[in-house]
Structures are given as C-alpha cells and as structure tokens.
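Q: One structure, pasted below without further comment.
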Amino acid sequence: MLRLRPLTGLRVRLAAAFTAVALLASVLASGLSYVLVRRVMLQRAQDAVLSEVRTALAQHIPDQLPPDTQEDVGEELIEALTAEGHQAVWVPVPLDGSVRLPEPGHLDVPVSKEFARRAMRGMVFQRVVRKERMNRSRPYLLVGARVTGYETTMDEPQRTTPPMVFLTASLDREASDLRLFTRVLSIADAVALLAALLLALLATRGVLRPVRRLGAAARALGAGELATRVDVRGRDELADLARTFNRTAEALERTVLELRAMEAASRRFVADVSHELRTPLTSMIAMTDVLADEAGGDDGDAARLVADETRRLGRLVEHLIEISRFDAGAASLVLDEVNLADAIAGTLGARGWRDRVTVEGPPDLFARLDPRRFDVVIANLAGNALKHGGPPVTLRFAPADRDGTSGVEVVVADRGPGLPGELIAVVFDRFVKAEAARSRSDGSGLGLSIAKENAMLHGGTLEAANRPDGGAEFTLWLPAGNGGGPA
Amino acid sequence: MRRSRLRRAAAVATAVLATAGCGVRPTGIISAGDPPDAHGNAAAMTVYLVQGGRLEAVTRPGLPGRPYLAIDQLSVTPTSFERSSGLRTEVHPPARVEEAAAKPTVLIVHPAGPPSGRRQVWSRLAVAQITCTAAAIPGVEAVKLAKVHGPMARLGPLTCDQFSDLLS
C-alpha cells in the first residue's frame, strides 16, 4: 500500500539530512579551495609584478648617476615597466623629506600620500579595487619603489639622485579567473548536491523498503492474517526487527489458533449438549403440560411451574441451537421478495402485539430478505421494547441508503427508561440482561444476539441507542438488494 | 526554538562567507621588503670639457643602454666638483645625436631646438668638445654635423685629430 506521506516522513527527513551534510561538505571544501586558490593566484601575480619592478630598478639604475639624468633614467624605467595592463610613472625623489605624488591621470588608481611616504622608505604594494559604473569594479595592484645603494654627491645630491617609480598592474585576469573558478565551483556544488540527493533517495529507499514491508506485514497481521511473515534479509538491525516480528507473529498465531480451537470446542460442546437436550426436553414439555392439566390444587401449581420452566428451558435450548448454527457458519439465507408492511403486520399479529405497537411506514416497500429471519428480528425487537421499555412502542420503517447501498431501515423505539449507559456497548452480547435481578426472566439472554447475527447475515446492521428524549431505540438496517451478506 | 538556532547558524555561515568574500579584495599598504640595490651595468664615459680655452677630459658614470649619453652630457652644467676645477662647457644649444642605424661609425649630431637661422650655432671649441667626446665613445670614429649653417655645414666627417691643437 502506497500512501502519500507528509513532508515529515522518514524518507524526507533522511534525504534532507543527507543532502544537508553533502551541501555543507561541498560548500566548505569549495570555500576553502576558493580561498586557497585565490591566495596563491594573487600571491603569484603580485610576486611577478614586484620582482619585475625590482629587476627593472636594479638593472636600469647604476650605482652612480651622471648629473641631470633623472628624466632619462625615469623614461627608461617606464619604457621597461609599461606593458599590457601595466602603467608606470616616475617621480623625482624630493630630498627635503617631503612627499611627492605622481600627477593624477598617469596611473589607473590614485596614489595616497601615505603610500608615497612609505614607498620612500622601502618597496610597498597595495591592492586597490576601483569602482566603476554598472556596479562593476576593477582590481589593481599598486606598487611603489625606489632604489638604494647608489652614490651621490655631497653638494649637489638632487642632480644625481635616481627617481622613484609607481606602477599599477591590472588584476583583471586574476579576477576573471576567479569568477570562472567560482562558476565552476558552483556548478560542481550543484552537481554534488544533486548526486547527494539521488544517493540519499536511493539509500533511504534501501532502508525504508524493509520498514514498509514490516509495516505492511504488521497491518496484515492486525487485519487478522496471522500467517503473515516477512523475509529476513541481511544481518542489520532491520533484519533483527523482521526476525522479532516473525517470532511475535508466530507466537500470536499459535495462541490465537489455540484459542480458536478451544472456542470451537466449547461451542461444539454447547451445540452437542443442546442437541442432546432437545429430544428429552421435547418429551418433558409434552409430559409436564399433560401433568399440569391433570393435576389440581397445590400439586397443579407445582406442575404448572415445572411446565413453565421446562418450556423456558426448551426455548433456551432452541436459541442455543440457533446461535451455534451461526457460530458454525451453518446459517443460510432463504431470500424472498418481501413486502415490509405485510411482513411486520404478520409478525406483530401472530404474537398478538398489533394493538400495542404503532407501525409507521409506506405500505408498498419491498426488499429481498429471508422472511423467517426478518420475523425473528422484528419479533425480538418489538418483544424487547414491550417487555423492558415503556409504552408507547413505535416501529417505523423506511427506505434508507447507506454508503451508496440502497436498503431499508426499521426503527423500534419505546418510551421506557432507556438502556443503562454501560449496557449500550454490550447489549448484543450473549446472556447480557438489562437487570441482574431479572436473571430469572422469560428471556434466554440470547434474543438480541440472534437478532444481530441475523442482521449481519443479511449484510445489514443492528444498532442500539438511547433517544435524547428518553427511551431506547433499536435501528435495523438491511440492504434491499439481493441479500448481499455472506450466504 | 530549534528553528531560531538554525537561522542563527545560517546567519553566522553567511557572515563568514561574506567576510571571505568573492573576487579580489582590496588590502592595506603592505611592505614588500627593502628597496632594490642599484647595480645597473654601465661603463664610465669620457666627456670633454673646456678649461681655459683647452679641452680637458673628465670621466662621468654612464647609464645602461645609453651609449651616446656623453653627447647629451656636454650641455649639462658641470658638477660642482668640475666647476671648482675651472671646467665649463661651450656646447649651447645642446647637441643631440640623430637617431641612426645601429653602431654607426660616423655619428650625426645636430643642435637641439628649432633651426636657428643663418647664425653659427656652435663655436669651434664646442665642435671640438662634441667631436672628441664622440670619438671617446667605443665604435665611433668621426662626427658629422647636421642642421647647421656657415662654414661648419660644409665640413666633412670630423675626427678629434683635427682639433689636436686644442688638446692639452
């Protein structure tokens, strides 16, 4: 049986946990690799530019400069340093401790005073991101450097001091490589996520299939299929569970079979006893009737009492035999087209209750029923109402559909005290009587049980309830079609 | 309660990712070590200056990749040390070397700036300075003047020997 489970199902939860772990792992791994790759990539690009600047400065500037050649040297340096994506500018080194910035426009990014000041003391660099339109930004590497270890003259140092250079190198290529890397990582993460989801679904199916099998088996067991067993596969916890289930089912089946056997035996015993009792009882009833008729005086009273009790015993035995037929499954329906109004009138008439029961219902309602069994049920319900309930007793019948099946409904109601609360649930059980004190009443205690069995044999129902305004109400419903019930 | 904890974890993760960031992040100013040592290879050059009407050779440091720098240096004010020795230069306006094919034996030199009419631009002393300085450059044998007028324009390739009378 496949039911749509809510989102909190075991499968969804397992898959979600699986996927979450996979996502976390892949995001962590890709994040770490991204950071590492970026560091290495930028480091390499920076090192290349820095060593280029260092080499150019070292090679193009001799340790001693001819006078007034800063411009020549500067131009030479710029020619050496300018390349694809590189822009360089030279600035004479001021000797009065001030800081001289390159003119704006020569470089891709402006040089800050602090940067220029630190460039006077040593080689420095800085990554700068220039914001552009359309929310785009371009990263640059800014480098500033001058040389050391040169000789100059005491009195005219400004004429022979080599210039310093500033250089910007575009990091566009690195940025686009990183973008590509990010895209590739995202795709890889998405693929990993999908794979994880797929794997999770497969794995959970593997786990859940035995669980589902166990569930189905448990349901079947609950529905009464005691022979249900599950296959034990593998050696995991679920296999253990399946084994336990099988053992439990086995024990249950054994117990239930034993109980059934015992019950069948006792029922057979009752049936046998009833049959054995019937013949002598029939003789006894005939004999006690004759005795009661012939005897007079005190003897006559005693004989009549014996005759009554013997008749009652006979009825009980008849009922027992009837109910053992139901138990044995030997009861069968003899269906006929029955006019309900006529059948009910006949039943009430035969027992002399026509004046005491008010009948309401359409006169031309037909149903396919077993007339004898219908008579038994109606007689029992009406008799009960008359005996235990208070007048007026009403009997209403009408066509009624239940669950799409057309049928007839007969409601017998009285105005008595109604059924005691605890009795409603068990009123159809055998030997249940309204009052313990009336245990010596005429009823065998089997009447309602037999009525119910008859209703069920028709495929119908018999229900007991209390009316809201007092009194008990028994509702019989029988399918009107072709009997329908188990034949 | 569980949900809020989850949300907080997600917020922390987002914050971590945001600080790590994507793309190239800007940095502060980072030191890349000491400045490089200047050790460009350049041979010293000889420049002829004037001392009391005669040519006097002085040595100045050269620049790498600039073989004809000595001609440019003729018009530079002598250093204070040279001046204190009474050295001066006659080459005004500055002399420029014409861009020529690689390694010419005859160097073509012309005055800088726009053509200066019919006036004689350089004195004989200045021309001697130019010629002898050029001759000191390895590979150069003679000098030819260009864009000059007067008697000098008609001169053929000059060598330093022609000015031996000015040499000390």
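In the structure tokens, chains take letters A, B, ... by order of appearance, with residues numbered from 1 within each chain and ligands from 1 in the order shown.
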Would you give me, as a PDB file with all heavy atoms, in the first residue's frame, the residues of chain A that come within 7 Å of chain B, using only C-alpha atoms?

A:
ATOM      1  N   ARG A  54      61.372  45.219  -9.223  1.00  0.00           N
ATOM      2  CA  ARG A  54      62.673  45.123  -8.529  1.00  0.00           C
ATOM      3  C   ARG A  54      63.800  44.967  -9.551  1.00  0.00           C
ATOM      4  O   ARG A  54      64.830  45.673  -9.488  1.00  0.00           O
ATOM      5  CB  ARG A  54      62.625  43.907  -7.606  1.00  0.00           C
ATOM      6  CG  ARG A  54      63.595  43.900  -6.483  1.00  0.00           C
ATOM      7  CD  ARG A  54      63.322  42.702  -5.599  1.00  0.00           C
ATOM      8  NE  ARG A  54      62.350  42.979  -4.549  1.00  0.00           N
ATOM      9  CZ  ARG A  54      62.668  43.580  -3.407  1.00  0.00           C
ATOM     10  NH1 ARG A  54      63.916  43.942  -3.169  1.00  0.00           N
ATOM     11  NH2 ARG A  54      61.757  43.816  -2.510  1.00  0.00           N
ATOM     12  N   LEU A  57      64.322  48.186 -11.671  1.00  0.00           N
ATOM     13  CA  LEU A  57      65.021  49.222 -10.915  1.00  0.00           C
ATOM     14  C   LEU A  57      66.493  48.871 -10.777  1.00  0.00           C
ATOM     15  O   LEU A  57      67.379  49.713 -10.993  1.00  0.00           O
ATOM     16  CB  LEU A  57      64.397  49.373  -9.530  1.00  0.00           C
ATOM     17  CG  LEU A  57      63.071  50.136  -9.458  1.00  0.00           C
ATOM     18  CD1 LEU A  57      62.551  50.135  -8.036  1.00  0.00           C
ATOM     19  CD2 LEU A  57      63.249  51.554  -9.951  1.00  0.00           C
ATOM     20  N   ALA A  58      66.752  47.621 -10.416  1.00  0.00           N
ATOM     21  CA  ALA A  58      68.141  47.227 -10.161  1.00  0.00           C
ATOM     22  C   ALA A  58      68.973  47.286 -11.437  1.00  0.00           C
ATOM     23  O   ALA A  58      70.145  47.663 -11.394  1.00  0.00           O
ATOM     24  CB  ALA A  58      68.179  45.823  -9.574  1.00  0.00           C
ATOM     25  N   GLN A  59      68.375  46.949 -12.556  1.00  0.00           N
ATOM     26  CA  GLN A  59      69.179  46.859 -13.777  1.00  0.00           C
ATOM     27  C   GLN A  59      69.298  48.175 -14.507  1.00  0.00           C
ATOM     28  O   GLN A  59      70.256  48.394 -15.247  1.00  0.00           O
ATOM     29  CB  GLN A  59      68.570  45.801 -14.704  1.00  0.00           C
ATOM     30  CG  GLN A  59      68.796  44.408 -14.163  1.00  0.00           C
ATOM     31  CD  GLN A  59      68.326  43.359 -15.111  1.00  0.00           C
ATOM     32  OE1 GLN A  59      67.633  43.661 -16.083  1.00  0.00           O
ATOM     33  NE2 GLN A  59      68.685  42.120 -14.847  1.00  0.00           N
ATOM     34  N   HIS A  60      68.301  49.031 -14.369  1.00  0.00           N
ATOM     35  CA  HIS A  60      68.352  50.264 -15.144  1.00  0.00           C
ATOM     36  C   HIS A  60      68.986  51.413 -14.401  1.00  0.00           C
ATOM     37  O   HIS A  60      69.227  52.457 -14.984  1.00  0.00           O
ATOM     38  CB  HIS A  60      66.954  50.651 -15.620  1.00  0.00           C
ATOM     39  CG  HIS A  60      66.468  49.804 -16.751  1.00  0.00           C
ATOM     40  ND1 HIS A  60      65.746  48.661 -16.551  1.00  0.00           N
ATOM     41  CD2 HIS A  60      66.627  49.912 -18.095  1.00  0.00           C
ATOM     42  CE1 HIS A  60      65.469  48.111 -17.713  1.00  0.00           C
ATOM     43  NE2 HIS A  60      66.007  48.847 -18.667  1.00  0.00           N
ATOM     44  N   ILE A  61      69.222  51.253 -13.139  1.00  0.00           N
ATOM     45  CA  ILE A  61      69.831  52.352 -12.384  1.00  0.00           C
ATOM     46  C   ILE A  61      71.221  51.914 -11.926  1.00  0.00           C
ATOM     47  O   ILE A  61      71.349  50.967 -11.163  1.00  0.00           O
ATOM     48  CB  ILE A  61      68.955  52.712 -11.169  1.00  0.00           C
ATOM     49  CG1 ILE A  61      67.552  53.091 -11.654  1.00  0.00           C
ATOM     50  CG2 ILE A  61      69.584  53.840 -10.382  1.00  0.00           C
ATOM     51  CD1 ILE A  61      66.598  53.455 -10.558  1.00  0.00           C
ATOM     52  N   PRO A  62      72.248  52.557 -12.418  1.00  0.00           N
ATOM     53  CA  PRO A  62      73.598  52.244 -11.956  1.00  0.00           C
ATOM     54  C   PRO A  62      73.835  52.852 -10.584  1.00  0.00           C
ATOM     55  O   PRO A  62      73.067  53.696 -10.129  1.00  0.00           O
ATOM     56  CB  PRO A  62      74.483  52.885 -13.015  1.00  0.00           C
ATOM     57  CG  PRO A  62      73.672  53.998 -13.568  1.00  0.00           C
ATOM     58  CD  PRO A  62      72.230  53.609 -13.440  1.00  0.00           C
ATOM     59  N   ASP A  63      74.874  52.379  -9.927  1.00  0.00           N
ATOM     60  CA  ASP A  63      75.090  52.866  -8.559  1.00  0.00           C
ATOM     61  C   ASP A  63      75.522  54.323  -8.524  1.00  0.00           C
ATOM     62  O   ASP A  63      75.554  54.946  -7.474  1.00  0.00           O
ATOM     63  CB  ASP A  63      76.117  51.977  -7.838  1.00  0.00           C
ATOM     64  CG  ASP A  63      77.385  51.847  -8.631  1.00  0.00           C
ATOM     65  OD1 ASP A  63      77.441  52.423  -9.746  1.00  0.00           O
ATOM     66  OD2 ASP A  63      78.315  51.183  -8.163  1.00  0.00           O
ATOM     67  N   GLN A  64      75.897  54.848  -9.689  1.00  0.00           N
ATOM     68  CA  GLN A  64      76.284  56.265  -9.728  1.00  0.00           C
ATOM     69  C   GLN A  64      75.642  56.865 -10.955  1.00  0.00           C
ATOM     70  O   GLN A  64      75.736  56.295 -12.058  1.00  0.00           O
ATOM     71  CB  GLN A  64      77.801  56.380  -9.822  1.00  0.00           C
ATOM     72  CG  GLN A  64      78.344  57.382  -8.852  1.00  0.00           C
ATOM     73  CD  GLN A  64      79.838  57.481  -8.968  1.00  0.00           C
ATOM     74  OE1 GLN A  64      80.511  56.532  -9.384  1.00  0.00           O
ATOM     75  NE2 GLN A  64      80.379  58.603  -8.612  1.00  0.00           N
ATOM     76  N   LEU A  65      74.977  58.012 -10.807  1.00  0.00           N
ATOM     77  CA  LEU A  65      74.240  58.600 -11.913  1.00  0.00           C
ATOM     78  C   LEU A  65      75.010  59.794 -12.462  1.00  0.00           C
ATOM     79  O   LEU A  65      75.553  60.598 -11.689  1.00  0.00           O
ATOM     80  CB  LEU A  65      72.883  59.075 -11.381  1.00  0.00           C
ATOM     81  CG  LEU A  65      71.648  58.622 -12.114  1.00  0.00           C
ATOM     82  CD1 LEU A  65      71.592  57.114 -12.224  1.00  0.00           C
ATOM     83  CD2 LEU A  65      70.402  59.131 -11.401  1.00  0.00           C
ATOM     84  N   PRO A  66      75.076  59.932 -13.775  1.00  0.00           N
ATOM     85  CA  PRO A  66      75.615  61.173 -14.315  1.00  0.00           C
ATOM     86  C   PRO A  66      74.680  62.322 -13.935  1.00  0.00           C
ATOM     87  O   PRO A  66      73.504  62.081 -13.674  1.00  0.00           O
ATOM     88  CB  PRO A  66      75.632  60.942 -15.825  1.00  0.00           C
ATOM     89  CG  PRO A  66      74.873  59.698 -16.079  1.00  0.00           C
ATOM     90  CD  PRO A  66      74.662  58.984 -14.798  1.00  0.00           C
ATOM     91  N   PHE A 115      50.908  56.114   1.061  1.00  0.00           N
ATOM     92  CA  PHE A 115      51.570  55.119   0.220  1.00  0.00           C
ATOM     93  C   PHE A 115      52.890  55.686  -0.298  1.00  0.00           C
ATOM     94  O   PHE A 115      53.937  55.023  -0.236  1.00  0.00           O
ATOM     95  CB  PHE A 115      50.640  54.751  -0.943  1.00  0.00           C
ATOM     96  CG  PHE A 115      51.143  53.608  -1.776  1.00  0.00           C
ATOM     97  CD1 PHE A 115      50.877  52.300  -1.417  1.00  0.00           C
ATOM     98  CD2 PHE A 115      51.894  53.841  -2.912  1.00  0.00           C
ATOM     99  CE1 PHE A 115      51.346  51.255  -2.169  1.00  0.00           C
ATOM    100  CE2 PHE A 115      52.372  52.801  -3.670  1.00  0.00           C
ATOM    101  CZ  PHE A 115      52.091  51.500  -3.304  1.00  0.00           C
ATOM    102  N   GLY A 122      60.818  52.053   1.477  1.00  0.00           N
ATOM    103  CA  GLY A 122      61.022  50.672   1.037  1.00  0.00           C
ATOM    104  C   GLY A 122      60.029  50.344  -0.046  1.00  0.00           C
ATOM    105  O   GLY A 122      59.209  51.176  -0.430  1.00  0.00           O
ATOM    106  N   MET A 123      60.113  49.123  -0.504  1.00  0.00           N
ATOM    107  CA  MET A 123      59.207  48.730  -1.568  1.00  0.00           C
ATOM    108  C   MET A 123      57.848  48.394  -0.937  1.00  0.00           C
ATOM    109  O   MET A 123      57.774  47.614   0.009  1.00  0.00           O
ATOM    110  CB  MET A 123      59.776  47.498  -2.255  1.00  0.00           C
ATOM    111  CG  MET A 123      59.173  47.263  -3.600  1.00  0.00           C
ATOM    112  SD  MET A 123      60.265  46.217  -4.548  1.00  0.00           S
ATOM    113  CE  MET A 123      59.234  45.922  -5.952  1.00  0.00           C
ATOM    114  N   VAL A 124      56.778  48.980  -1.435  1.00  0.00           N
ATOM    115  CA  VAL A 124      55.446  48.712  -0.892  1.00  0.00           C
ATOM    116  C   VAL A 124      54.484  48.406  -2.031  1.00  0.00           C
ATOM    117  O   VAL A 124      54.711  48.804  -3.178  1.00  0.00           O
ATOM    118  CB  VAL A 124      54.891  49.899  -0.075  1.00  0.00           C
ATOM    119  CG1 VAL A 124      55.629  50.042   1.228  1.00  0.00           C
ATOM    120  CG2 VAL A 124      54.930  51.162  -0.874  1.00  0.00           C
ATOM    121  N   PHE A 125      53.422  47.689  -1.659  1.00  0.00           N
ATOM    122  CA  PHE A 125      52.355  47.472  -2.642  1.00  0.00           C
ATOM    123  C   PHE A 125      51.014  47.489  -1.923  1.00  0.00           C
ATOM    124  O   PHE A 125      50.939  47.394  -0.698  1.00  0.00           O
ATOM    125  CB  PHE A 125      52.550  46.168  -3.420  1.00  0.00           C
ATOM    126  CG  PHE A 125      52.323  44.924  -2.597  1.00  0.00           C
ATOM    127  CD1 PHE A 125      51.085  44.298  -2.605  1.00  0.00           C
ATOM    128  CD2 PHE A 125      53.340  44.383  -1.827  1.00  0.00           C
ATOM    129  CE1 PHE A 125      50.871  43.155  -1.868  1.00  0.00           C
ATOM    130  CE2 PHE A 125      53.133  43.238  -1.089  1.00  0.00           C
ATOM    131  CZ  PHE A 125      51.898  42.624  -1.103  1.00  0.00           C
ATOM    132  N   GLN A 126      49.977  47.598  -2.729  1.00  0.00           N
ATOM    133  CA  GLN A 126      48.626  47.656  -2.176  1.00  0.00           C
ATOM    134  C   GLN A 126      47.673  47.202  -3.270  1.00  0.00           C
ATOM    135  O   GLN A 126      47.838  47.566  -4.434  1.00  0.00           O
ATOM    136  CB  GLN A 126      48.305  49.099  -1.771  1.00  0.00           C
ATOM    137  CG  GLN A 126      46.953  49.237  -1.132  1.00  0.00           C
ATOM    138  CD  GLN A 126      46.666  50.671  -0.707  1.00  0.00           C
ATOM    139  OE1 GLN A 126      47.349  51.595  -1.154  1.00  0.00           O
ATOM    140  NE2 GLN A 126      45.680  50.853   0.133  1.00  0.00           N
ATOM    141  N   ARG A 127      46.677  46.381  -2.841  1.00  0.00           N
ATOM    142  CA  ARG A 127      45.635  46.035  -3.818  1.00  0.00           C
ATOM    143  C   ARG A 127      44.519  47.051  -3.678  1.00  0.00           C
ATOM    144  O   ARG A 127      44.043  47.303  -2.566  1.00  0.00           O
ATOM    145  CB  ARG A 127      45.090  44.629  -3.559  1.00  0.00           C
ATOM    146  CG  ARG A 127      45.934  43.536  -4.152  1.00  0.00           C
ATOM    147  CD  ARG A 127      45.112  42.286  -4.431  1.00  0.00           C
ATOM    148  NE  ARG A 127      44.386  41.784  -3.291  1.00  0.00           N
ATOM    149  CZ  ARG A 127      44.872  40.895  -2.435  1.00  0.00           C
ATOM    150  NH1 ARG A 127      46.092  40.418  -2.600  1.00  0.00           N
ATOM    151  NH2 ARG A 127      44.154  40.485  -1.431  1.00  0.00           N
ATOM    152  N   VAL A 128      44.126  47.633  -4.779  1.00  0.00           N
ATOM    153  CA  VAL A 128      43.075  48.646  -4.772  1.00  0.00           C
ATOM    154  C   VAL A 128      41.985  48.196  -5.731  1.00  0.00           C
ATOM    155  O   VAL A 128      42.272  47.698  -6.817  1.00  0.00           O
ATOM    156  CB  VAL A 128      43.640  50.013  -5.213  1.00  0.00           C
ATOM    157  CG1 VAL A 128      42.567  51.075  -5.111  1.00  0.00           C
ATOM    158  CG2 VAL A 128      44.835  50.376  -4.371  1.00  0.00           C
ATOM    159  N   VAL A 129      40.746  48.339  -5.288  1.00  0.00           N
ATOM    160  CA  VAL A 129      39.629  47.996  -6.176  1.00  0.00           C
ATOM    161  C   VAL A 129      38.949  49.285  -6.587  1.00  0.00           C
ATOM    162  O   VAL A 129      38.481  50.042  -5.739  1.00  0.00           O
ATOM    163  CB  VAL A 129      38.631  47.063  -5.468  1.00  0.00           C
ATOM    164  CG1 VAL A 129      37.419  46.819  -6.366  1.00  0.00           C
ATOM    165  CG2 VAL A 129      39.291  45.744  -5.138  1.00  0.00           C
ATOM    166  N   PRO A 139      40.069  45.410 -10.063  1.00  0.00           N
ATOM    167  CA  PRO A 139      41.145  45.378  -9.079  1.00  0.00           C
ATOM    168  C   PRO A 139      42.497  45.724  -9.719  1.00  0.00           C
ATOM    169  O   PRO A 139      42.763  45.362 -10.874  1.00  0.00           O
ATOM    170  CB  PRO A 139      41.121  43.916  -8.618  1.00  0.00           C
ATOM    171  CG  PRO A 139      40.568  43.160  -9.765  1.00  0.00           C
ATOM    172  CD  PRO A 139      39.728  44.073 -10.578  1.00  0.00           C
ATOM    173  N   ALA A 145      58.251  52.067  -5.429  1.00  0.00           N
ATOM    174  CA  ALA A 145      59.595  51.650  -5.030  1.00  0.00           C
ATOM    175  C   ALA A 145      60.623  52.676  -5.470  1.00  0.00           C
ATOM    176  O   ALA A 145      60.404  53.477  -6.379  1.00  0.00           O
ATOM    177  CB  ALA A 145      59.930  50.293  -5.648  1.00  0.00           C
ATOM    178  N   ARG A 146      61.755  52.652  -4.816  1.00  0.00           N
ATOM    179  CA  ARG A 146      62.922  53.412  -5.235  1.00  0.00           C
ATOM    180  C   ARG A 146      64.126  52.527  -4.966  1.00  0.00           C
ATOM    181  O   ARG A 146      63.984  51.458  -4.390  1.00  0.00           O
ATOM    182  CB  ARG A 146      63.021  54.724  -4.472  1.00  0.00           C
ATOM    183  CG  ARG A 146      63.148  54.522  -2.987  1.00  0.00           C
ATOM    184  CD  ARG A 146      63.292  55.802  -2.259  1.00  0.00           C
ATOM    185  NE  ARG A 146      64.597  56.397  -2.532  1.00  0.00           N
ATOM    186  CZ  ARG A 146      65.112  57.378  -1.772  1.00  0.00           C
ATOM    187  NH1 ARG A 146      64.452  57.837  -0.732  1.00  0.00           N
ATOM    188  NH2 ARG A 146      66.282  57.891  -2.045  1.00  0.00           N
ATOM    189  N   VAL A 147      65.289  52.969  -5.437  1.00  0.00           N
ATOM    190  CA  VAL A 147      66.475  52.132  -5.230  1.00  0.00           C
ATOM    191  C   VAL A 147      67.264  52.632  -4.042  1.00  0.00           C
ATOM    192  O   VAL A 147      67.082  53.749  -3.573  1.00  0.00           O
ATOM    193  CB  VAL A 147      67.385  52.098  -6.470  1.00  0.00           C
ATOM    194  CG1 VAL A 147      66.748  51.313  -7.574  1.00  0.00           C
ATOM    195  CG2 VAL A 147      67.746  53.485  -6.896  1.00  0.00           C
ATOM    196  N   THR A 148      68.138  51.775  -3.620  1.00  0.00           N
ATOM    197  CA  THR A 148      69.073  52.173  -2.564  1.00  0.00           C
ATOM    198  C   THR A 148      70.461  51.741  -3.030  1.00  0.00           C
ATOM    199  O   THR A 148      70.622  51.119  -4.075  1.00  0.00           O
ATOM    200  CB  THR A 148      68.693  51.489  -1.237  1.00  0.00           C
ATOM    201  OG1 THR A 148      69.616  51.893  -0.258  1.00  0.00           O
ATOM    202  CG2 THR A 148      68.726  49.976  -1.362  1.00  0.00           C
ATOM    203  N   GLY A 149      71.430  52.112  -2.282  1.00  0.00           N
ATOM    204  CA  GLY A 149      72.785  51.677  -2.599  1.00  0.00           C
ATOM    205  C   GLY A 149      73.414  52.442  -3.749  1.00  0.00           C
ATOM    206  O   GLY A 149      74.258  51.925  -4.468  1.00  0.00           O
ATOM    207  N   TYR A 150      73.017  53.665  -3.963  1.00  0.00           N
ATOM    208  CA  TYR A 150      73.642  54.491  -5.020  1.00  0.00           C
ATOM    209  C   TYR A 150      74.510  55.562  -4.365  1.00  0.00           C
ATOM    210  O   TYR A 150      74.358  55.879  -3.194  1.00  0.00           O
ATOM    211  CB  TYR A 150      72.576  55.132  -5.909  1.00  0.00           C
ATOM    212  CG  TYR A 150      71.574  55.948  -5.149  1.00  0.00           C
ATOM    213  CD1 TYR A 150      71.833  57.307  -4.869  1.00  0.00           C
ATOM    214  CD2 TYR A 150      70.390  55.390  -4.691  1.00  0.00           C
ATOM    215  CE1 TYR A 150      70.924  58.043  -4.158  1.00  0.00           C
ATOM    216  CE2 TYR A 150      69.484  56.130  -3.983  1.00  0.00           C
ATOM    217  CZ  TYR A 150      69.757  57.475  -3.715  1.00  0.00           C
ATOM    218  OH  TYR A 150      68.864  58.207  -2.994  1.00  0.00           O
ATOM    219  N   ALA A 175      40.961  38.336 -11.623  1.00  0.00           N
ATOM    220  CA  ALA A 175      39.557  38.455 -11.215  1.00  0.00           C
ATOM    221  C   ALA A 175      38.677  37.587 -12.104  1.00  0.00           C
ATOM    222  O   ALA A 175      37.770  36.897 -11.614  1.00  0.00           O
ATOM    223  CB  ALA A 175      39.115  39.911 -11.287  1.00  0.00           C
ATOM    224  N   LEU A 178      39.113  34.060 -11.268  1.00  0.00           N
ATOM    225  CA  LEU A 178      38.400  33.729 -10.030  1.00  0.00           C
ATOM    226  C   LEU A 178      36.912  33.599 -10.288  1.00  0.00           C
ATOM    227  O   LEU A 178      36.244  32.738  -9.712  1.00  0.00           O
ATOM    228  CB  LEU A 178      38.657  34.814  -8.973  1.00  0.00           C
ATOM    229  CG  LEU A 178      39.981  34.692  -8.243  1.00  0.00           C
ATOM    230  CD1 LEU A 178      40.181  35.869  -7.320  1.00  0.00           C
ATOM    231  CD2 LEU A 178      40.005  33.396  -7.449  1.00  0.00           C
ATOM    232  N   ARG A 179      36.389  34.481 -11.166  1.00  0.00           N
ATOM    233  CA  ARG A 179      34.956  34.371 -11.489  1.00  0.00           C
ATOM    234  C   ARG A 179      34.661  33.024 -12.122  1.00  0.00           C
ATOM    235  O   ARG A 179      33.695  32.351 -11.773  1.00  0.00           O
ATOM    236  CB  ARG A 179      34.551  35.506 -12.435  1.00  0.00           C
ATOM    237  CG  ARG A 179      34.166  36.785 -11.704  1.00  0.00           C
ATOM    238  CD  ARG A 179      33.372  37.705 -12.610  1.00  0.00           C
ATOM    239  NE  ARG A 179      34.133  38.147 -13.759  1.00  0.00           N
ATOM    240  CZ  ARG A 179      34.986  39.161 -13.745  1.00  0.00           C
ATOM    241  NH1 ARG A 179      35.182  39.824 -12.621  1.00  0.00           N
ATOM    242  NH2 ARG A 179      35.646  39.502 -14.825  1.00  0.00           N
TER     243      ARG A 179
END

Q: Could you name the residues that touch Leu333 (chain A) at 8 Å or less, counting only C-alpha atoms, but leaving out those on the same chain fewer than 5 positions away, as a PyMOL selection string?

A: chain A and resi 369-370+457-458+487

Q: So what do you get for CA of Leu167 (chain A) versus CA of Val143 (chain A), distance-wise?

A: 5.1 Å

Q: Please provide as a ChimeraX atom specification all residues within 12 Å of His110 (chain B), with the sequence filter that same-chain residues fewer than 4 positions apart are discarded (counting only C-alpha atoms).

A: /B:71-72,91-99,114-116,121-122,127,130-131,143-149,152-153

Q: According to DSSP computed on the backbone, where in region 287-386 of chain A is there helix (DSSP H, G or I)? Give the residues as a VMD selection string.

A: chain A and resid 287 to 294 297 to 328 340 to 350 371 to 386
